[in-house]
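Just coords22.pdb here, PDB, N, CA, C and O atoms, pLDDT in the B column:
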```
ATOM      1  N   MET A   1     100.841 125.601  82.725  1.00 59.00           N
ATOM      2  CA  MET A   1      99.568 125.219  83.312  1.00 59.00           C
ATOM      3  C   MET A   1      99.617 123.735  83.655  1.00 59.00           C
ATOM      4  O   MET A   1     100.048 122.930  82.859  1.00 59.00           O
ATOM      5  N   LYS A   2      99.143 123.382  84.830  1.00 78.00           N
ATOM      6  CA  LYS A   2      99.193 121.994  85.289  1.00 78.00           C
ATOM      7  C   LYS A   2      97.837 121.316  85.147  1.00 78.00           C
ATOM      8  O   LYS A   2      97.419 120.564  86.001  1.00 78.00           O
ATOM      9  N   SER A   3      97.126 121.555  84.073  1.00 84.00           N
ATOM     10  CA  SER A   3      95.806 120.951  83.893  1.00 84.00           C
ATOM     11  C   SER A   3      95.935 119.493  83.470  1.00 84.00           C
ATOM     12  O   SER A   3      96.942 119.070  82.908  1.00 84.00           O
ATOM     13  N   CYS A   4      94.894 118.725  83.740  1.00 87.00           N
ATOM     14  CA  CYS A   4      94.862 117.301  83.415  1.00 87.00           C
ATOM     15  C   CYS A   4      94.927 117.109  81.891  1.00 87.00           C
ATOM     16  O   CYS A   4      94.200 117.763  81.155  1.00 87.00           O
ATOM     17  N   PRO A   5      95.792 116.199  81.403  1.00 86.00           N
ATOM     18  CA  PRO A   5      95.875 115.983  79.957  1.00 86.00           C
ATOM     19  C   PRO A   5      94.648 115.273  79.383  1.00 86.00           C
ATOM     20  O   PRO A   5      94.404 115.327  78.194  1.00 86.00           O
ATOM     21  N   LYS A   6      93.853 114.616  80.237  1.00 88.00           N
ATOM     22  CA  LYS A   6      92.691 113.879  79.762  1.00 88.00           C
ATOM     23  C   LYS A   6      91.430 114.751  79.723  1.00 88.00           C
ATOM     24  O   LYS A   6      90.790 114.871  78.698  1.00 88.00           O
ATOM     25  N   CYS A   7      91.087 115.385  80.864  1.00 90.00           N
ATOM     26  CA  CYS A   7      89.828 116.142  80.935  1.00 90.00           C
ATOM     27  C   CYS A   7      90.039 117.650  81.019  1.00 90.00           C
ATOM     28  O   CYS A   7      89.067 118.396  81.071  1.00 90.00           O
ATOM     29  N   LYS A   8      91.282 118.120  81.052  1.00 86.00           N
ATOM     30  CA  LYS A   8      91.644 119.537  81.102  1.00 86.00           C
ATOM     31  C   LYS A   8      91.158 120.253  82.356  1.00 86.00           C
ATOM     32  O   LYS A   8      91.021 121.463  82.383  1.00 86.00           O
ATOM     33  N   SER A   9      90.931 119.510  83.430  1.00 88.00           N
ATOM     34  CA  SER A   9      90.487 120.082  84.693  1.00 88.00           C
ATOM     35  C   SER A   9      91.676 120.665  85.453  1.00 88.00           C
ATOM     36  O   SER A   9      92.784 120.150  85.383  1.00 88.00           O
ATOM     37  N   GLU A  10      91.445 121.737  86.201  1.00 89.00           N
ATOM     38  CA  GLU A  10      92.473 122.352  87.029  1.00 89.00           C
ATOM     39  C   GLU A  10      92.468 121.771  88.447  1.00 89.00           C
ATOM     40  O   GLU A  10      93.348 122.069  89.231  1.00 89.00           O
ATOM     41  N   SER A  11      91.463 120.968  88.796  1.00 90.00           N
ATOM     42  CA  SER A  11      91.334 120.388  90.129  1.00 90.00           C
ATOM     43  C   SER A  11      92.252 119.171  90.240  1.00 90.00           C
ATOM     44  O   SER A  11      92.060 118.175  89.557  1.00 90.00           O
ATOM     45  N   ARG A  12      93.255 119.257  91.134  1.00 90.00           N
ATOM     46  CA  ARG A  12      94.258 118.200  91.223  1.00 90.00           C
ATOM     47  C   ARG A  12      94.862 118.173  92.618  1.00 90.00           C
ATOM     48  O   ARG A  12      94.661 119.076  93.415  1.00 90.00           O
ATOM     49  N   HIS A  13      95.622 117.112  92.915  1.00 90.00           N
ATOM     50  CA  HIS A  13      96.408 117.034  94.134  1.00 90.00           C
ATOM     51  C   HIS A  13      97.739 116.363  93.830  1.00 90.00           C
ATOM     52  O   HIS A  13      97.858 115.606  92.871  1.00 90.00           O
ATOM     53  N   ARG A  14      98.759 116.697  94.620  1.00 89.00           N
ATOM     54  CA  ARG A  14     100.102 116.184  94.393  1.00 89.00           C
ATOM     55  C   ARG A  14     100.184 114.709  94.744  1.00 89.00           C
ATOM     56  O   ARG A  14      99.534 114.233  95.667  1.00 89.00           O
ATOM     57  N   MET A  15     101.004 113.983  94.003  1.00 89.00           N
ATOM     58  CA  MET A  15     101.239 112.557  94.220  1.00 89.00           C
ATOM     59  C   MET A  15     102.751 112.315  94.196  1.00 89.00           C
ATOM     60  O   MET A  15     103.504 113.150  93.715  1.00 89.00           O
ATOM     61  N   ARG A  16     103.146 111.144  94.669  1.00 85.00           N
ATOM     62  CA  ARG A  16     104.536 110.740  94.513  1.00 85.00           C
ATOM     63  C   ARG A  16     104.765 110.354  93.066  1.00 85.00           C
ATOM     64  O   ARG A  16     103.902 109.747  92.428  1.00 85.00           O
ATOM     65  N   ARG A  17     105.933 110.699  92.541  1.00 82.00           N
ATOM     66  CA  ARG A  17     106.255 110.329  91.167  1.00 82.00           C
ATOM     67  C   ARG A  17     106.565 108.846  91.104  1.00 82.00           C
ATOM     68  O   ARG A  17     107.112 108.275  92.031  1.00 82.00           O
ATOM     69  N   LYS A  18     106.209 108.220  89.990  1.00 80.00           N
ATOM     70  CA  LYS A  18     106.394 106.778  89.824  1.00 80.00           C
ATOM     71  C   LYS A  18     107.301 106.486  88.634  1.00 80.00           C
ATOM     72  O   LYS A  18     107.360 107.253  87.678  1.00 80.00           O
ATOM     73  N   GLY A  19     107.956 105.347  88.705  1.00 82.00           N
ATOM     74  CA  GLY A  19     108.739 104.842  87.578  1.00 82.00           C
ATOM     75  C   GLY A  19     109.894 105.733  87.185  1.00 82.00           C
ATOM     76  O   GLY A  19     110.596 106.303  88.022  1.00 82.00           O
ATOM     77  N   ILE A  20     110.095 105.846  85.897  1.00 81.00           N
ATOM     78  CA  ILE A  20     111.218 106.601  85.337  1.00 81.00           C
ATOM     79  C   ILE A  20     111.078 108.094  85.577  1.00 81.00           C
ATOM     80  O   ILE A  20     112.070 108.826  85.571  1.00 81.00           O
ATOM     81  N   VAL A  21     109.874 108.555  85.827  1.00 81.00           N
ATOM     82  CA  VAL A  21     109.627 109.984  86.053  1.00 81.00           C
ATOM     83  C   VAL A  21     110.364 110.468  87.301  1.00 81.00           C
ATOM     84  O   VAL A  21     110.765 111.625  87.381  1.00 81.00           O
ATOM     85  N   LYS A  22     110.599 109.565  88.272  1.00 84.00           N
ATOM     86  CA  LYS A  22     111.332 109.932  89.481  1.00 84.00           C
ATOM     87  C   LYS A  22     112.760 110.366  89.175  1.00 84.00           C
ATOM     88  O   LYS A  22     113.338 111.169  89.892  1.00 84.00           O
ATOM     89  N   MET A  23     113.322 109.842  88.113  1.00 86.00           N
ATOM     90  CA  MET A  23     114.708 110.137  87.774  1.00 86.00           C
ATOM     91  C   MET A  23     114.880 111.445  87.007  1.00 86.00           C
ATOM     92  O   MET A  23     115.990 111.940  86.875  1.00 86.00           O
ATOM     93  N   ILE A  24     113.807 112.003  86.486  1.00 85.00           N
ATOM     94  CA  ILE A  24     113.884 113.211  85.674  1.00 85.00           C
ATOM     95  C   ILE A  24     113.704 114.432  86.577  1.00 85.00           C
ATOM     96  O   ILE A  24     112.649 114.610  87.177  1.00 85.00           O
ATOM     97  N   PRO A  25     114.727 115.279  86.705  1.00 87.00           N
ATOM     98  CA  PRO A  25     114.584 116.461  87.554  1.00 87.00           C
ATOM     99  C   PRO A  25     113.622 117.479  86.940  1.00 87.00           C
ATOM    100  O   PRO A  25     113.501 117.578  85.720  1.00 87.00           O
ATOM    101  N   GLY A  26     112.936 118.206  87.781  1.00 86.00           N
ATOM    102  CA  GLY A  26     112.017 119.245  87.305  1.00 86.00           C
ATOM    103  C   GLY A  26     110.611 118.754  87.047  1.00 86.00           C
ATOM    104  O   GLY A  26     109.785 119.508  86.555  1.00 86.00           O
ATOM    105  N   THR A  27     110.304 117.481  87.362  1.00 88.00           N
ATOM    106  CA  THR A  27     108.949 116.968  87.161  1.00 88.00           C
ATOM    107  C   THR A  27     108.225 116.903  88.493  1.00 88.00           C
ATOM    108  O   THR A  27     108.842 116.785  89.549  1.00 88.00           O
ATOM    109  N   ARG A  28     106.904 116.988  88.419  1.00 89.00           N
ATOM    110  CA  ARG A  28     106.063 116.842  89.600  1.00 89.00           C
ATOM    111  C   ARG A  28     104.898 115.931  89.241  1.00 89.00           C
ATOM    112  O   ARG A  28     104.368 115.995  88.141  1.00 89.00           O
ATOM    113  N   GLY A  29     104.506 115.094  90.186  1.00 89.00           N
ATOM    114  CA  GLY A  29     103.415 114.155  89.959  1.00 89.00           C
ATOM    115  C   GLY A  29     102.107 114.687  90.513  1.00 89.00           C
ATOM    116  O   GLY A  29     102.061 115.242  91.613  1.00 89.00           O
ATOM    117  N   TYR A  30     101.032 114.541  89.751  1.00 91.00           N
ATOM    118  CA  TYR A  30      99.703 114.993  90.145  1.00 91.00           C
ATOM    119  C   TYR A  30      98.670 113.929  89.816  1.00 91.00           C
ATOM    120  O   TYR A  30      98.903 113.065  88.973  1.00 91.00           O
ATOM    121  N   ALA A  31      97.508 114.016  90.465  1.00 92.00           N
ATOM    122  CA  ALA A  31      96.357 113.175  90.147  1.00 92.00           C
ATOM    123  C   ALA A  31      95.143 114.093  90.028  1.00 92.00           C
ATOM    124  O   ALA A  31      94.927 114.967  90.875  1.00 92.00           O
ATOM    125  N   CYS A  32      94.362 113.886  89.001  1.00 92.00           N
ATOM    126  CA  CYS A  32      93.170 114.696  88.748  1.00 92.00           C
ATOM    127  C   CYS A  32      92.069 114.300  89.732  1.00 92.00           C
ATOM    128  O   CYS A  32      91.840 113.122  89.981  1.00 92.00           O
ATOM    129  N   ASP A  33      91.371 115.285  90.286  1.00 92.00           N
ATOM    130  CA  ASP A  33      90.286 115.015  91.217  1.00 92.00           C
ATOM    131  C   ASP A  33      88.997 114.581  90.496  1.00 92.00           C
ATOM    132  O   ASP A  33      88.174 113.906  91.086  1.00 92.00           O
ATOM    133  N   LYS A  34      88.845 114.953  89.238  1.00 92.00           N
ATOM    134  CA  LYS A  34      87.632 114.593  88.496  1.00 92.00           C
ATOM    135  C   LYS A  34      87.697 113.197  87.887  1.00 92.00           C
ATOM    136  O   LYS A  34      86.795 112.394  88.052  1.00 92.00           O
ATOM    137  N   CYS A  35      88.773 112.897  87.154  1.00 92.00           N
ATOM    138  CA  CYS A  35      88.846 111.620  86.420  1.00 92.00           C
ATOM    139  C   CYS A  35      89.887 110.652  86.979  1.00 92.00           C
ATOM    140  O   CYS A  35      90.097 109.588  86.401  1.00 92.00           O
ATOM    141  N   ASN A  36      90.568 111.012  88.061  1.00 88.00           N
ATOM    142  CA  ASN A  36      91.575 110.165  88.722  1.00 88.00           C
ATOM    143  C   ASN A  36      92.753 109.776  87.830  1.00 88.00           C
ATOM    144  O   ASN A  36      93.386 108.754  88.047  1.00 88.00           O
ATOM    145  N   THR A  37      93.046 110.562  86.824  1.00 89.00           N
ATOM    146  CA  THR A  37      94.194 110.306  85.966  1.00 89.00           C
ATOM    147  C   THR A  37      95.457 110.774  86.662  1.00 89.00           C
ATOM    148  O   THR A  37      95.511 111.874  87.189  1.00 89.00           O
ATOM    149  N   GLU A  38      96.480 109.929  86.685  1.00 89.00           N
ATOM    150  CA  GLU A  38      97.767 110.309  87.238  1.00 89.00           C
ATOM    151  C   GLU A  38      98.631 110.830  86.100  1.00 89.00           C
ATOM    152  O   GLU A  38      98.724 110.213  85.046  1.00 89.00           O
ATOM    153  N   TYR A  39      99.256 111.986  86.325  1.00 89.00           N
ATOM    154  CA  TYR A  39     100.080 112.585  85.288  1.00 89.00           C
ATOM    155  C   TYR A  39     101.263 113.301  85.891  1.00 89.00           C
ATOM    156  O   TYR A  39     101.318 113.562  87.088  1.00 89.00           O
ATOM    157  N   ALA A  40     102.254 113.578  85.055  1.00 89.00           N
ATOM    158  CA  ALA A  40     103.454 114.299  85.475  1.00 89.00           C
ATOM    159  C   ALA A  40     103.506 115.609  84.722  1.00 89.00           C
ATOM    160  O   ALA A  40     103.040 115.721  83.589  1.00 89.00           O
ATOM    161  N   TRP A  41     104.099 116.603  85.377  1.00 88.00           N
ATOM    162  CA  TRP A  41     104.236 117.929  84.786  1.00 88.00           C
ATOM    163  C   TRP A  41     105.710 118.283  84.710  1.00 88.00           C
ATOM    164  O   TRP A  41     106.423 118.208  85.705  1.00 88.00           O
ATOM    165  N   PHE A  42     106.185 118.621  83.505  1.00 87.00           N
ATOM    166  CA  PHE A  42     107.555 119.090  83.307  1.00 87.00           C
ATOM    167  C   PHE A  42     107.557 120.602  83.445  1.00 87.00           C
ATOM    168  O   PHE A  42     107.030 121.312  82.590  1.00 87.00           O
ATOM    169  N   SER A  43     108.169 121.111  84.498  1.00 83.00           N
ATOM    170  CA  SER A  43     108.145 122.550  84.753  1.00 83.00           C
ATOM    171  C   SER A  43     108.973 123.337  83.746  1.00 83.00           C
ATOM    172  O   SER A  43     108.613 124.460  83.386  1.00 83.00           O
ATOM    173  N   PHE A  44     110.066 122.755  83.261  1.00 83.00           N
ATOM    174  CA  PHE A  44     110.957 123.507  82.383  1.00 83.00           C
ATOM    175  C   PHE A  44     110.434 123.654  80.961  1.00 83.00           C
ATOM    176  O   PHE A  44     110.877 124.530  80.238  1.00 83.00           O
ATOM    177  N   ILE A  45     109.475 122.806  80.545  1.00 87.00           N
ATOM    178  CA  ILE A  45     108.867 122.980  79.215  1.00 87.00           C
ATOM    179  C   ILE A  45     107.357 123.190  79.306  1.00 87.00           C
ATOM    180  O   ILE A  45     106.704 123.321  78.280  1.00 87.00           O
ATOM    181  N   ASN A  46     106.822 123.226  80.544  1.00 83.00           N
ATOM    182  CA  ASN A  46     105.400 123.446  80.795  1.00 83.00           C
ATOM    183  C   ASN A  46     104.533 122.467  80.007  1.00 83.00           C
ATOM    184  O   ASN A  46     103.667 122.857  79.239  1.00 83.00           O
ATOM    185  N   TYR A  47     104.775 121.168  80.221  1.00 82.00           N
ATOM    186  CA  TYR A  47     104.086 120.120  79.480  1.00 82.00           C
ATOM    187  C   TYR A  47     103.607 119.035  80.464  1.00 82.00           C
ATOM    188  O   TYR A  47     104.332 118.669  81.386  1.00 82.00           O
ATOM    189  N   THR A  48     102.394 118.529  80.280  1.00 83.00           N
ATOM    190  CA  THR A  48     101.886 117.438  81.108  1.00 83.00           C
ATOM    191  C   THR A  48     101.688 116.184  80.253  1.00 83.00           C
ATOM    192  O   THR A  48     101.393 116.268  79.061  1.00 83.00           O
ATOM    193  N   PHE A  49     101.864 115.006  80.881  1.00 76.00           N
ATOM    194  CA  PHE A  49     101.596 113.747  80.193  1.00 76.00           C
ATOM    195  C   PHE A  49     101.139 112.706  81.214  1.00 76.00           C
ATOM    196  O   PHE A  49     101.491 112.768  82.385  1.00 76.00           O
ATOM    197  N   LYS A  50     100.311 111.749  80.745  1.00 80.00           N
ATOM    198  CA  LYS A  50      99.810 110.692  81.600  1.00 80.00           C
ATOM    199  C   LYS A  50     100.911 109.711  81.930  1.00 80.00           C
ATOM    200  O   LYS A  50     101.748 109.396  81.108  1.00 80.00           O
ATOM    201  N   VAL A  51     100.872 109.211  83.174  1.00 77.00           N
ATOM    202  CA  VAL A  51     101.870 108.232  83.612  1.00 77.00           C
ATOM    203  C   VAL A  51     101.265 106.854  83.551  1.00 77.00           C
ATOM    204  O   VAL A  51     100.150 106.622  83.790  1.00 77.00           O
TER     205      VAL A  51
END
```

The structure in this file should be written as structure tokens.
Amino acid sequence: MKSCPKCKSESRHRMRRKGIVKMIPGTRGYACDKCNTEYAWFSFINYTFKV
């Protein structure tokens, strides 16, 4: 699930990955539409974290 780690909202849009996250394969960058939190999603472990 690619929900926001801060507000748990499903409303999001894709962003460019920033920093070290760009070097990690299998990650995707998102931004929450409700709280504007930028986060990355690891597809291989299904985990999200704030960037």

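Neighbouring residues of Phe44 (chain A) at 7 Å or closer, counting only N, CA, C and O atoms and skipping chain neighbours under 6 positions away, are Pro25, Gly26 and Thr27 of chain A.
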
Go through chain A and collect every residue that DSSP, computed from the backbone, puts in strand (DSSP E); the answer should be as a VMD selection string. chain A and resid 12 to 15 27 to 32 38 to 42 47 to 50

Could you spell out the hits of the PyMOL selection byres ((chain A and resi 29-43) around 5) on the shown file, as a PyMOL selection string? chain A and resi 11-15+17+26-28+44-51

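Across the structure, atom O of Cys7 (chain A) and CA of Met23 (chain A) are spaced 27.8 Å apart.
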
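Atom pair atom N of Val21 (chain A) / atom O of Lys2 (chain A): separated by 17.3 Å.
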
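Atom to atom, atom O of Lys18 (chain A) and atom C of Ser3 (chain A) stand 17.3 Å apart.
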
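All residues in chain A with a DSSP state of helix (DSSP H, G or I), computed from the backbone, read A:Gly19, A:Ile20, A:Val21, A:Lys22, A:Met23.
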
Extending 5 Å beyond the listed atoms of region 6-20 of chain A on each side, what axis-aligned box results? I want centre and edge lengths in Å to one decimal, as AutoDock Vina command-line options.
```
--center_x 100.6 --center_y 113.6 --center_z 87.2 --size_x 33.0 --size_y 27.5 --size_z 27.0
```
